[in-house]
file entry.txt (compact mmCIF, C-alpha atoms)
# COMPACT_ATOMS: atom_id res chain seq x y z
CA MET A 1 -1.79 -20.45 -12.80
CA ASN A 2 -0.26 -17.25 -11.40
CA TYR A 3 -2.09 -14.87 -13.74
CA PHE A 4 -5.75 -13.99 -14.30
CA LYS A 5 -7.61 -15.10 -17.43
CA HIS A 6 -11.25 -14.29 -18.05
CA GLU A 7 -13.34 -17.36 -18.89
CA SER A 8 -14.05 -16.03 -22.40
CA ALA A 9 -10.34 -15.65 -23.27
CA TYR A 10 -8.29 -18.29 -25.08
CA VAL A 11 -4.70 -19.01 -24.11
CA ASP A 12 -3.05 -21.65 -26.29
CA ASP A 13 -0.60 -24.22 -25.00
CA GLY A 14 3.05 -23.18 -25.23
CA VAL A 15 2.50 -19.61 -24.01
CA GLU A 16 4.61 -17.89 -21.34
CA ILE A 17 2.70 -15.46 -19.12
CA GLY A 18 4.21 -13.69 -16.11
CA GLU A 19 2.86 -13.42 -12.60
CA GLY A 20 0.10 -10.90 -11.94
CA THR A 21 -0.86 -10.40 -15.60
CA LYS A 22 -4.57 -9.96 -16.37
CA ILE A 23 -6.16 -11.12 -19.62
CA TRP A 24 -9.69 -9.90 -20.14
CA HIS A 25 -12.75 -10.78 -22.25
CA PHE A 26 -12.38 -12.38 -25.69
CA CYS A 27 -8.58 -12.20 -25.85
CA HIS A 28 -6.56 -14.80 -27.78
CA ILE A 29 -2.95 -15.52 -26.83
CA GLN A 30 -1.37 -17.77 -29.45
CA LYS A 31 1.26 -20.47 -29.07
CA GLY A 32 4.80 -19.11 -28.70
CA ALA A 33 3.83 -15.70 -27.31
CA LYS A 34 5.76 -14.38 -24.31
CA ILE A 35 4.09 -11.94 -21.92
CA GLY A 36 5.78 -10.51 -18.85
CA GLU A 37 4.58 -9.79 -15.32
CA ARG A 38 1.83 -7.36 -14.25
CA CYS A 39 0.56 -6.73 -17.77
CA VAL A 40 -3.06 -5.88 -18.55
CA LEU A 41 -4.66 -6.97 -21.83
CA GLY A 42 -8.07 -5.37 -22.36
CA GLN A 43 -11.04 -6.80 -24.19
CA ASN A 44 -10.51 -8.41 -27.62
CA VAL A 45 -6.69 -8.31 -27.71
CA ASN A 46 -4.96 -10.78 -30.02
CA VAL A 47 -1.31 -11.70 -29.43
CA ASP A 48 0.39 -13.72 -32.18
CA GLY A 49 2.96 -16.42 -31.59
CA GLY A 50 6.52 -15.13 -31.55
CA THR A 51 5.49 -11.85 -29.94
CA VAL A 52 7.52 -10.65 -26.95
CA ILE A 53 5.82 -8.37 -24.40
CA GLY A 54 7.71 -7.05 -21.36
CA ASN A 55 6.59 -6.30 -17.81
CA ASN A 56 3.88 -3.84 -16.78
CA VAL A 57 2.61 -3.34 -20.33
CA LYS A 58 -0.94 -2.02 -20.80
CA ILE A 59 -2.74 -3.01 -24.01
CA GLN A 60 -6.22 -1.55 -24.33
CA ASN A 61 -9.26 -2.95 -26.16
CA ASN A 62 -9.22 -4.14 -29.77
CA VAL A 63 -5.48 -4.33 -30.41
CA SER A 64 -3.70 -7.04 -32.42
CA VAL A 65 -0.02 -7.61 -31.63
CA TYR A 66 1.44 -9.44 -34.62
CA SER A 67 4.50 -11.65 -34.99
CA GLY A 68 7.64 -9.55 -35.26
CA VAL A 69 6.56 -7.02 -32.62
CA VAL A 70 8.67 -6.56 -29.49
CA ILE A 71 7.17 -4.48 -26.67
CA GLU A 72 9.47 -3.48 -23.83
CA ASP A 73 8.53 -2.82 -20.19
CA ASP A 74 6.03 -0.12 -19.19
CA ALA A 75 4.68 0.54 -22.70
CA PHE A 76 1.08 1.67 -23.21
CA LEU A 77 -0.95 0.76 -26.32
CA GLY A 78 -4.21 2.70 -26.58
CA PRO A 79 -7.52 1.27 -27.80
CA SER A 80 -7.75 0.19 -31.42
CA CYS A 81 -4.19 1.20 -32.28
CA VAL A 82 -2.80 -0.71 -35.25
CA LEU A 83 0.47 -2.63 -35.56
CA THR A 84 1.59 -4.30 -38.79
CA ASN A 85 4.32 -6.75 -39.81
CA VAL A 86 4.50 -6.63 -43.63
CA SER A 87 5.06 -3.40 -45.55
CA ASN A 88 3.69 -4.62 -48.87
CA PRO A 89 0.99 -7.23 -48.15
CA ARG A 90 -0.75 -9.06 -50.97
CA SER A 91 -3.31 -11.80 -50.52
CA GLN A 92 -1.70 -13.88 -53.29
CA ILE A 93 1.86 -13.63 -51.90
CA ASN A 94 2.92 -15.64 -48.84
CA ARG A 95 5.38 -13.61 -46.76
CA HIS A 96 5.09 -15.51 -43.47
CA SER A 97 8.87 -15.88 -43.29
CA LEU A 98 9.44 -12.19 -44.02
CA TYR A 99 7.75 -10.48 -41.09
CA GLU A 100 9.39 -7.17 -40.28
CA LYS A 101 10.48 -6.31 -36.74
CA THR A 102 8.85 -3.44 -34.88
CA VAL A 103 10.25 -2.42 -31.48
CA ILE A 104 8.26 -0.42 -28.97
CA ARG A 105 10.82 0.64 -26.39
CA ARG A 106 10.42 1.12 -22.68
CA GLY A 107 7.68 3.46 -21.51
CA ALA A 108 6.42 4.41 -25.00
CA THR A 109 2.78 5.48 -25.41
CA ILE A 110 0.71 4.78 -28.53
CA GLY A 111 -2.56 6.71 -28.60
CA ALA A 112 -5.97 5.43 -29.62
CA ASN A 113 -6.37 4.61 -33.32
CA ALA A 114 -2.73 5.39 -34.12
CA THR A 115 -1.07 3.24 -36.79
CA ILE A 116 2.52 2.03 -36.56
CA VAL A 117 3.87 0.94 -39.94
CA CYS A 118 6.13 -2.06 -39.41
CA GLY A 119 9.93 -2.02 -39.36
CA VAL A 120 10.30 1.02 -37.09
CA THR A 121 11.52 1.59 -33.54
CA LEU A 122 9.57 3.77 -31.14
CA GLY A 123 12.03 5.33 -28.69
CA ARG A 124 11.86 5.22 -24.92
CA TYR A 125 9.02 7.27 -23.46
CA CYS A 126 7.96 8.66 -26.82
CA PHE A 127 4.33 9.73 -27.14
CA ILE A 128 2.33 8.95 -30.29
CA ALA A 129 -0.79 11.12 -30.30
CA ALA A 130 -4.19 9.59 -31.08
CA GLY A 131 -4.79 8.90 -34.76
CA SER A 132 -1.19 9.48 -35.86
CA VAL A 133 0.47 7.36 -38.55
CA VAL A 134 4.11 6.53 -37.77
CA THR A 135 6.25 5.60 -40.76
CA LYS A 136 9.78 6.16 -39.42
CA ASP A 137 11.83 5.64 -36.27
CA VAL A 138 10.87 7.87 -33.34
CA PRO A 139 13.42 9.37 -30.91
CA ASP A 140 13.25 8.94 -27.14
CA TYR A 141 10.71 11.27 -25.49
CA ALA A 142 9.47 12.64 -28.82
CA LEU A 143 5.88 13.84 -29.15
CA MET A 144 4.61 12.71 -32.56
CA MET A 145 1.39 13.91 -34.20
CA GLY A 146 -0.27 13.78 -37.60
CA ASN A 147 -0.31 11.73 -40.80
CA PRO A 148 2.46 11.09 -41.47
CA ALA A 149 3.56 11.68 -37.88
CA ARG A 150 5.92 14.60 -37.31
CA GLN A 151 7.65 15.59 -34.11
CA LYS A 152 5.86 18.43 -32.32
CA GLY A 153 7.83 18.57 -29.08
CA TRP A 154 9.16 16.51 -26.17
CA MET A 155 7.26 14.59 -23.49
CA SER A 156 8.33 13.68 -19.96
CA ARG A 157 8.09 10.22 -18.43
CA HIS A 158 4.91 11.42 -16.74
CA GLY A 159 3.31 12.34 -20.07
CA HIS A 160 3.60 16.13 -19.98
CA ILE A 161 4.87 18.50 -22.65
CA LEU A 162 8.26 19.72 -21.45
CA ARG A 163 8.93 23.43 -21.08
CA PRO A 164 12.31 25.17 -21.17
CA VAL A 165 14.16 26.66 -18.23
CA ALA A 166 16.51 29.55 -18.97
CA ALA A 167 20.24 29.05 -18.58
CA GLY A 168 21.57 30.04 -15.18
CA SER A 169 18.30 29.19 -13.47
CA ALA A 170 17.58 25.66 -12.37
CA LYS A 171 14.11 26.54 -11.18
CA VAL A 172 12.34 23.22 -10.73
CA ARG A 173 8.71 22.87 -9.74
CA LYS A 174 8.58 21.25 -6.32
CA CYS A 175 5.78 18.71 -6.23
CA GLU A 176 4.52 16.74 -3.26
CA SER A 177 5.44 13.58 -5.16
CA SER A 178 9.01 14.66 -6.01
CA LYS A 179 12.24 14.37 -4.10
CA VAL A 180 14.03 16.67 -6.52
CA GLU A 181 15.05 19.80 -4.60
CA VAL A 182 16.92 22.48 -6.57
CA ALA A 183 17.23 26.03 -5.36
CA ASP A 184 16.38 28.83 -7.78
CA ASP A 185 19.96 30.11 -7.75
CA GLU A 186 21.59 26.69 -8.01
CA GLN A 187 23.27 25.71 -11.26
CA PRO A 188 22.21 22.45 -12.97
CA ASP A 189 24.49 19.43 -12.89
CA ARG A 190 25.87 20.44 -16.28
CA VAL A 191 27.05 24.02 -16.77
CA ASN A 192 27.09 26.43 -19.71
CA HIS A 193 23.76 25.35 -21.16
CA PRO A 194 22.52 27.57 -23.96
CA PRO A 195 19.09 29.06 -23.25
CA GLY A 196 16.26 26.56 -23.57
CA THR A 197 18.25 23.33 -23.25
CA ILE A 198 16.93 22.34 -19.83
CA LEU A 199 13.27 21.26 -19.83
CA VAL A 200 11.24 20.48 -16.72
CA CYS A 201 8.34 18.12 -16.07
CA PRO A 202 5.57 19.96 -14.17
CA GLU A 203 4.49 16.82 -12.32
CA SER A 204 7.73 15.18 -11.19
CA GLY A 205 10.08 18.16 -11.28
CA TYR A 206 12.60 16.05 -13.20
CA ARG A 207 14.94 17.96 -15.49
CA TYR A 208 15.62 16.92 -19.08
CA GLU A 209 18.56 18.10 -21.20
CA LEU A 210 18.53 18.69 -24.93
CA ARG A 211 21.77 17.55 -26.57
CA GLN A 212 23.23 17.32 -30.02
CA ALA A 213 22.61 13.87 -31.45
CA ALA A 214 25.19 11.98 -33.49
CA ALA A 215 22.70 11.60 -36.33
CA PRO A 216 19.37 13.22 -37.26
CA ALA A 217 16.88 12.25 -34.57
CA VAL A 218 13.84 12.75 -36.78
CA ASP A 219 13.33 13.43 -40.46
CA VAL A 220 11.90 16.95 -40.77
CA PRO A 221 12.56 19.74 -43.27
CA GLU A 222 15.45 21.99 -42.32
CA THR A 223 13.18 25.05 -42.20
CA ARG A 224 10.31 23.43 -40.33
CA GLN A 225 9.18 25.60 -37.42
CA LEU A 226 8.13 24.30 -34.03
CA ASP A 227 4.37 24.60 -34.33
CA CYS A 228 3.70 23.52 -30.75
CA PRO A 229 3.17 26.79 -28.83
CA HIS A 230 5.09 25.56 -25.79
CA PHE A 231 8.31 25.43 -27.78
CA ARG A 232 8.33 28.80 -29.48
CA THR A 233 10.56 30.11 -26.70
CA LEU A 234 13.22 27.53 -27.53
CA GLU A 235 14.27 29.57 -30.58
CA LEU A 236 15.11 26.43 -32.54
CA SER A 237 14.10 26.02 -36.16
CA ASN A 238 13.65 22.23 -35.99
CA PHE A 239 14.41 19.07 -34.03
CA ARG A 240 17.15 17.82 -36.35
CA ASN A 241 20.22 16.46 -34.53
CA LEU A 242 18.63 16.82 -31.10
CA SER A 243 18.13 14.18 -28.42
CA LEU A 244 16.68 14.39 -24.92
CA HIS A 245 18.02 12.86 -21.71
CA CYS A 246 16.72 12.87 -18.15
CA LEU A 247 19.21 14.38 -15.69
CA ASP A 248 17.54 13.08 -12.54
CA LEU A 249 16.74 9.42 -13.35
CA ASP A 250 18.30 6.91 -15.71
CA GLU A 251 16.04 6.04 -18.64
CA GLU A 252 16.23 2.33 -17.78
CA ALA A 253 15.48 2.82 -14.07
CA PRO A 254 11.93 2.41 -12.76
CA LEU A 255 10.17 5.39 -11.27
CA PRO A 256 10.42 5.72 -7.48
CA PRO A 257 7.22 4.39 -5.84
CA GLU A 258 6.14 7.86 -4.71
CA LEU A 259 6.11 9.03 -8.34
CA THR A 260 4.01 6.19 -9.76
CA LYS A 261 0.60 7.49 -8.68
CA GLY A 262 -0.92 10.61 -10.13
CA ARG A 263 -2.19 13.16 -7.60
CA LYS A 264 -3.52 15.86 -9.91
CA SER A 265 -5.64 15.64 -13.05
CA TYR A 266 -4.26 16.46 -16.48
CA ASP A 267 -6.79 19.30 -16.78
CA ALA A 268 -5.44 20.79 -13.55
CA PHE A 269 -1.91 20.85 -14.98
CA LYS A 270 -3.21 22.39 -18.20
CA ALA A 271 -4.98 25.13 -16.25
CA GLU A 272 -1.82 25.90 -14.27
CA GLU A 273 0.35 26.11 -17.37
CA GLY A 274 -2.24 27.92 -19.49
CA ASP A 275 -1.92 25.30 -22.23
CA ALA A 276 -3.82 26.12 -25.38
CA GLU A 277 -3.05 22.85 -27.14
CA THR A 278 -2.26 19.48 -25.66
CA PRO A 279 -1.74 16.05 -27.21
CA LYS A 280 -4.21 13.26 -26.67
CA ALA A 281 -3.56 9.54 -26.32
CA ALA A 282 -6.09 7.34 -24.58
CA LYS A 283 -7.03 5.82 -21.29

call {"tool": "encode", "arguments": {"input": "entry.txt", "output": "structure tokens"}}
result
Amino acid sequence: MNYFKHESAYVDDGVEIGEGTKIWHFCHIQKGAKIGERCVLGQNVNVDGGTVIGNNVKIQNNVSVYSGVVIEDDAFLGPSCVLTNVSNPRSQINRHSLYEKTVIRRGATIGANATIVCGVTLGRYCFIAAGSVVTKDVPDYALMMGNPARQKGWMSRHGHILRPVAAGSAKVRKCESSKVEVADDEQPDRVNHPPGTILVCPESGYRYELRQAAAPAVDVPETRQLDCPHFRTLELSNFRNLSLHCLDLDEEAPLPPELTKGRKSYDAFKAEEGDAETPKAAK
């Protein structure tokens, strides 16, 4: 056995579990489940048969992963978050052959006690704040909050609210952990950006570009204002038809080793940026 299983956990026959995965107290992994390498399943996690979990996935305490759920690499599921697989359950109606597919894409974070209504896709590196209720597809990098969840901003791969950089200035924070070196007077890779379309992660220094999406990225009213204070300088009335893309690292590429270990607390970043409001997920 090339993975760790606590003596109180149950792993049925017919399960695939990758090397280096750790399964802690009182978990139950059911027949037909597939779990990748280097995953961590906290106390009291249930994984149904037919579930597919990628590599380096962290699932915290008291989470049930039901049939029909696909979790890609590097996703984080906070404690007691809720996944479902039938939109209209009734005790008297058997819908075992009608489970709906929910996809949690690479690097997504689901905060503690959040609920994901089945049949949706959570985009790459999106961030679902604690207690939110997601009822619709979520774009890549979107910060979602509330019930029902609405987009409040954009999050970097390192889990920070992204701030704009004015056009004509590619000023990038130079961190000890970053190899990104851009002079203040150097133009970004792409030219003629309108003001506020280049956003920068304060931890990695990676740049992210806002672009027009082919279709609405998130369902919000046309007149909805950006109520996250960090985005008031973007001078955009809503997130409709916007998508976000990292300019310095492909979304499917793993982080460089030197960027995989945090060196400064979240509170320290908040103090530097003067953040009044920040999203919460879970540890």

call {"tool": "atom_distance", "arguments": {"input": "entry.txt", "atom1": "CA of Gly54 in chain A", "atom2": "CA of Ile35 in chain A"}}
result
6.1 Å

call {"tool": "residues_around", "arguments": {"input": "entry.txt", "residues": "Val45 in chain A", "least_positions_apart": "5", "cutoff": "10 Å", "atoms": "all atoms listed in the file", "output": "ChimeraX atom specification"}}
result
/A:9,23-29,59-65,79-80

call {"tool": "residues_around", "arguments": {"input": "entry.txt", "residues": "range 243-255 of chain A", "least_positions_apart": "5", "cutoff": "7 Å", "atoms": "only C-alpha atoms", "output": "list in words"}}
result
Asp140, Tyr141, Tyr206, Arg207, Tyr208, Glu209, Leu210, Arg211, Gln212, Ala213, Ala217 and Thr260 of chain A

call {"tool": "write_last_selection", "arguments": {"input": "entry.txt", "atoms": "C-alpha atoms", "output": "compact mmCIF listing (two decimals), in the frame of the given file"}}
result
# COMPACT_ATOMS: atom_id res chain seq x y z
CA ASP A 140 13.25 8.94 -27.14
CA TYR A 141 10.71 11.27 -25.49
CA TYR A 206 12.60 16.05 -13.20
CA ARG A 207 14.94 17.96 -15.49
CA TYR A 208 15.62 16.92 -19.08
CA GLU A 209 18.56 18.10 -21.20
CA LEU A 210 18.53 18.69 -24.93
CA ARG A 211 21.77 17.55 -26.57
CA GLN A 212 23.23 17.32 -30.02
CA ALA A 213 22.61 13.87 -31.45
CA ALA A 217 16.88 12.25 -34.57
CA THR A 260 4.01 6.19 -9.76

call {"tool": "residues_around", "arguments": {"input": "entry.txt", "residues": "range 261-264 of chain A", "least_positions_apart": "2", "cutoff": "12 Å", "atoms": "only C-alpha atoms", "output": "list of chain:residue names"}}
result
A:His158, A:Gly159, A:Cys175, A:Glu176, A:Ser177, A:Ser178, A:Pro202, A:Glu203, A:Ser204, A:Leu255, A:Pro256, A:Pro257, A:Glu258, A:Leu259, A:Tyr266, A:Asp267, A:Ala268, A:Phe269, A:Lys270, A:Ala271, A:Glu272

call {"tool": "closest_residue", "arguments": {"input": "entry.txt", "among": "A:Leu83, A:Val138, A:Val15, A:Leu77", "to": "Gly49 in chain A", "atoms": "all atoms listed in the file"}}
result
A:Val15

call {"tool": "closest_residue", "arguments": {"input": "entry.txt", "among": "A:Ser132, A:Ser265, A:Asn241, A:Thr197", "to": "Ile110 in chain A", "atoms": "all atoms listed in the file"}}
result
A:Ser132

call {"tool": "atom_distance", "arguments": {"input": "entry.txt", "atom1": "CA of Arg150 in chain A", "atom2": "CA of Thr135 in chain A"}}
result
9.6 Å

call {"tool": "residues_around", "arguments": {"input": "entry.txt", "residues": "Met155 in chain A", "least_positions_apart": "4", "cutoff": "8 Å", "atoms": "only C-alpha atoms", "output": "number ranges by chain"}}
result
A: 125-127, 141-143, 159-162

call {"tool": "atom_distance", "arguments": {"input": "entry.txt", "atom1": "CA of Met145 in chain A", "atom2": "CA of Lys58 in chain A"}}
result
20.9 Å

call {"tool": "closest_residue", "arguments": {"input": "entry.txt", "among": "A:Val134, A:Ile71, A:Val52, A:Cys118", "to": "Ser87 in chain A", "atoms": "only C-alpha atoms"}}
result
A:Cys118

call {"tool": "residues_near_point", "arguments": {"input": "entry.txt", "point": "(9.6, -4.4, -37.8)", "cutoff": "8 Å", "atoms": "only C-alpha atoms", "output": "list in words"}}
result
Gly68, Val69, Asn85, Tyr99, Glu100, Lys101, Thr102, Val103, Cys118, Gly119, Val120 and Thr121 of chain A

call {"tool": "closest_residue", "arguments": {"input": "entry.txt", "among": "A:Asn113, A:Asn56, A:Asn44, A:Ser91", "to": "Glu19 in chain A", "atoms": "only C-alpha atoms"}}
result
A:Asn56
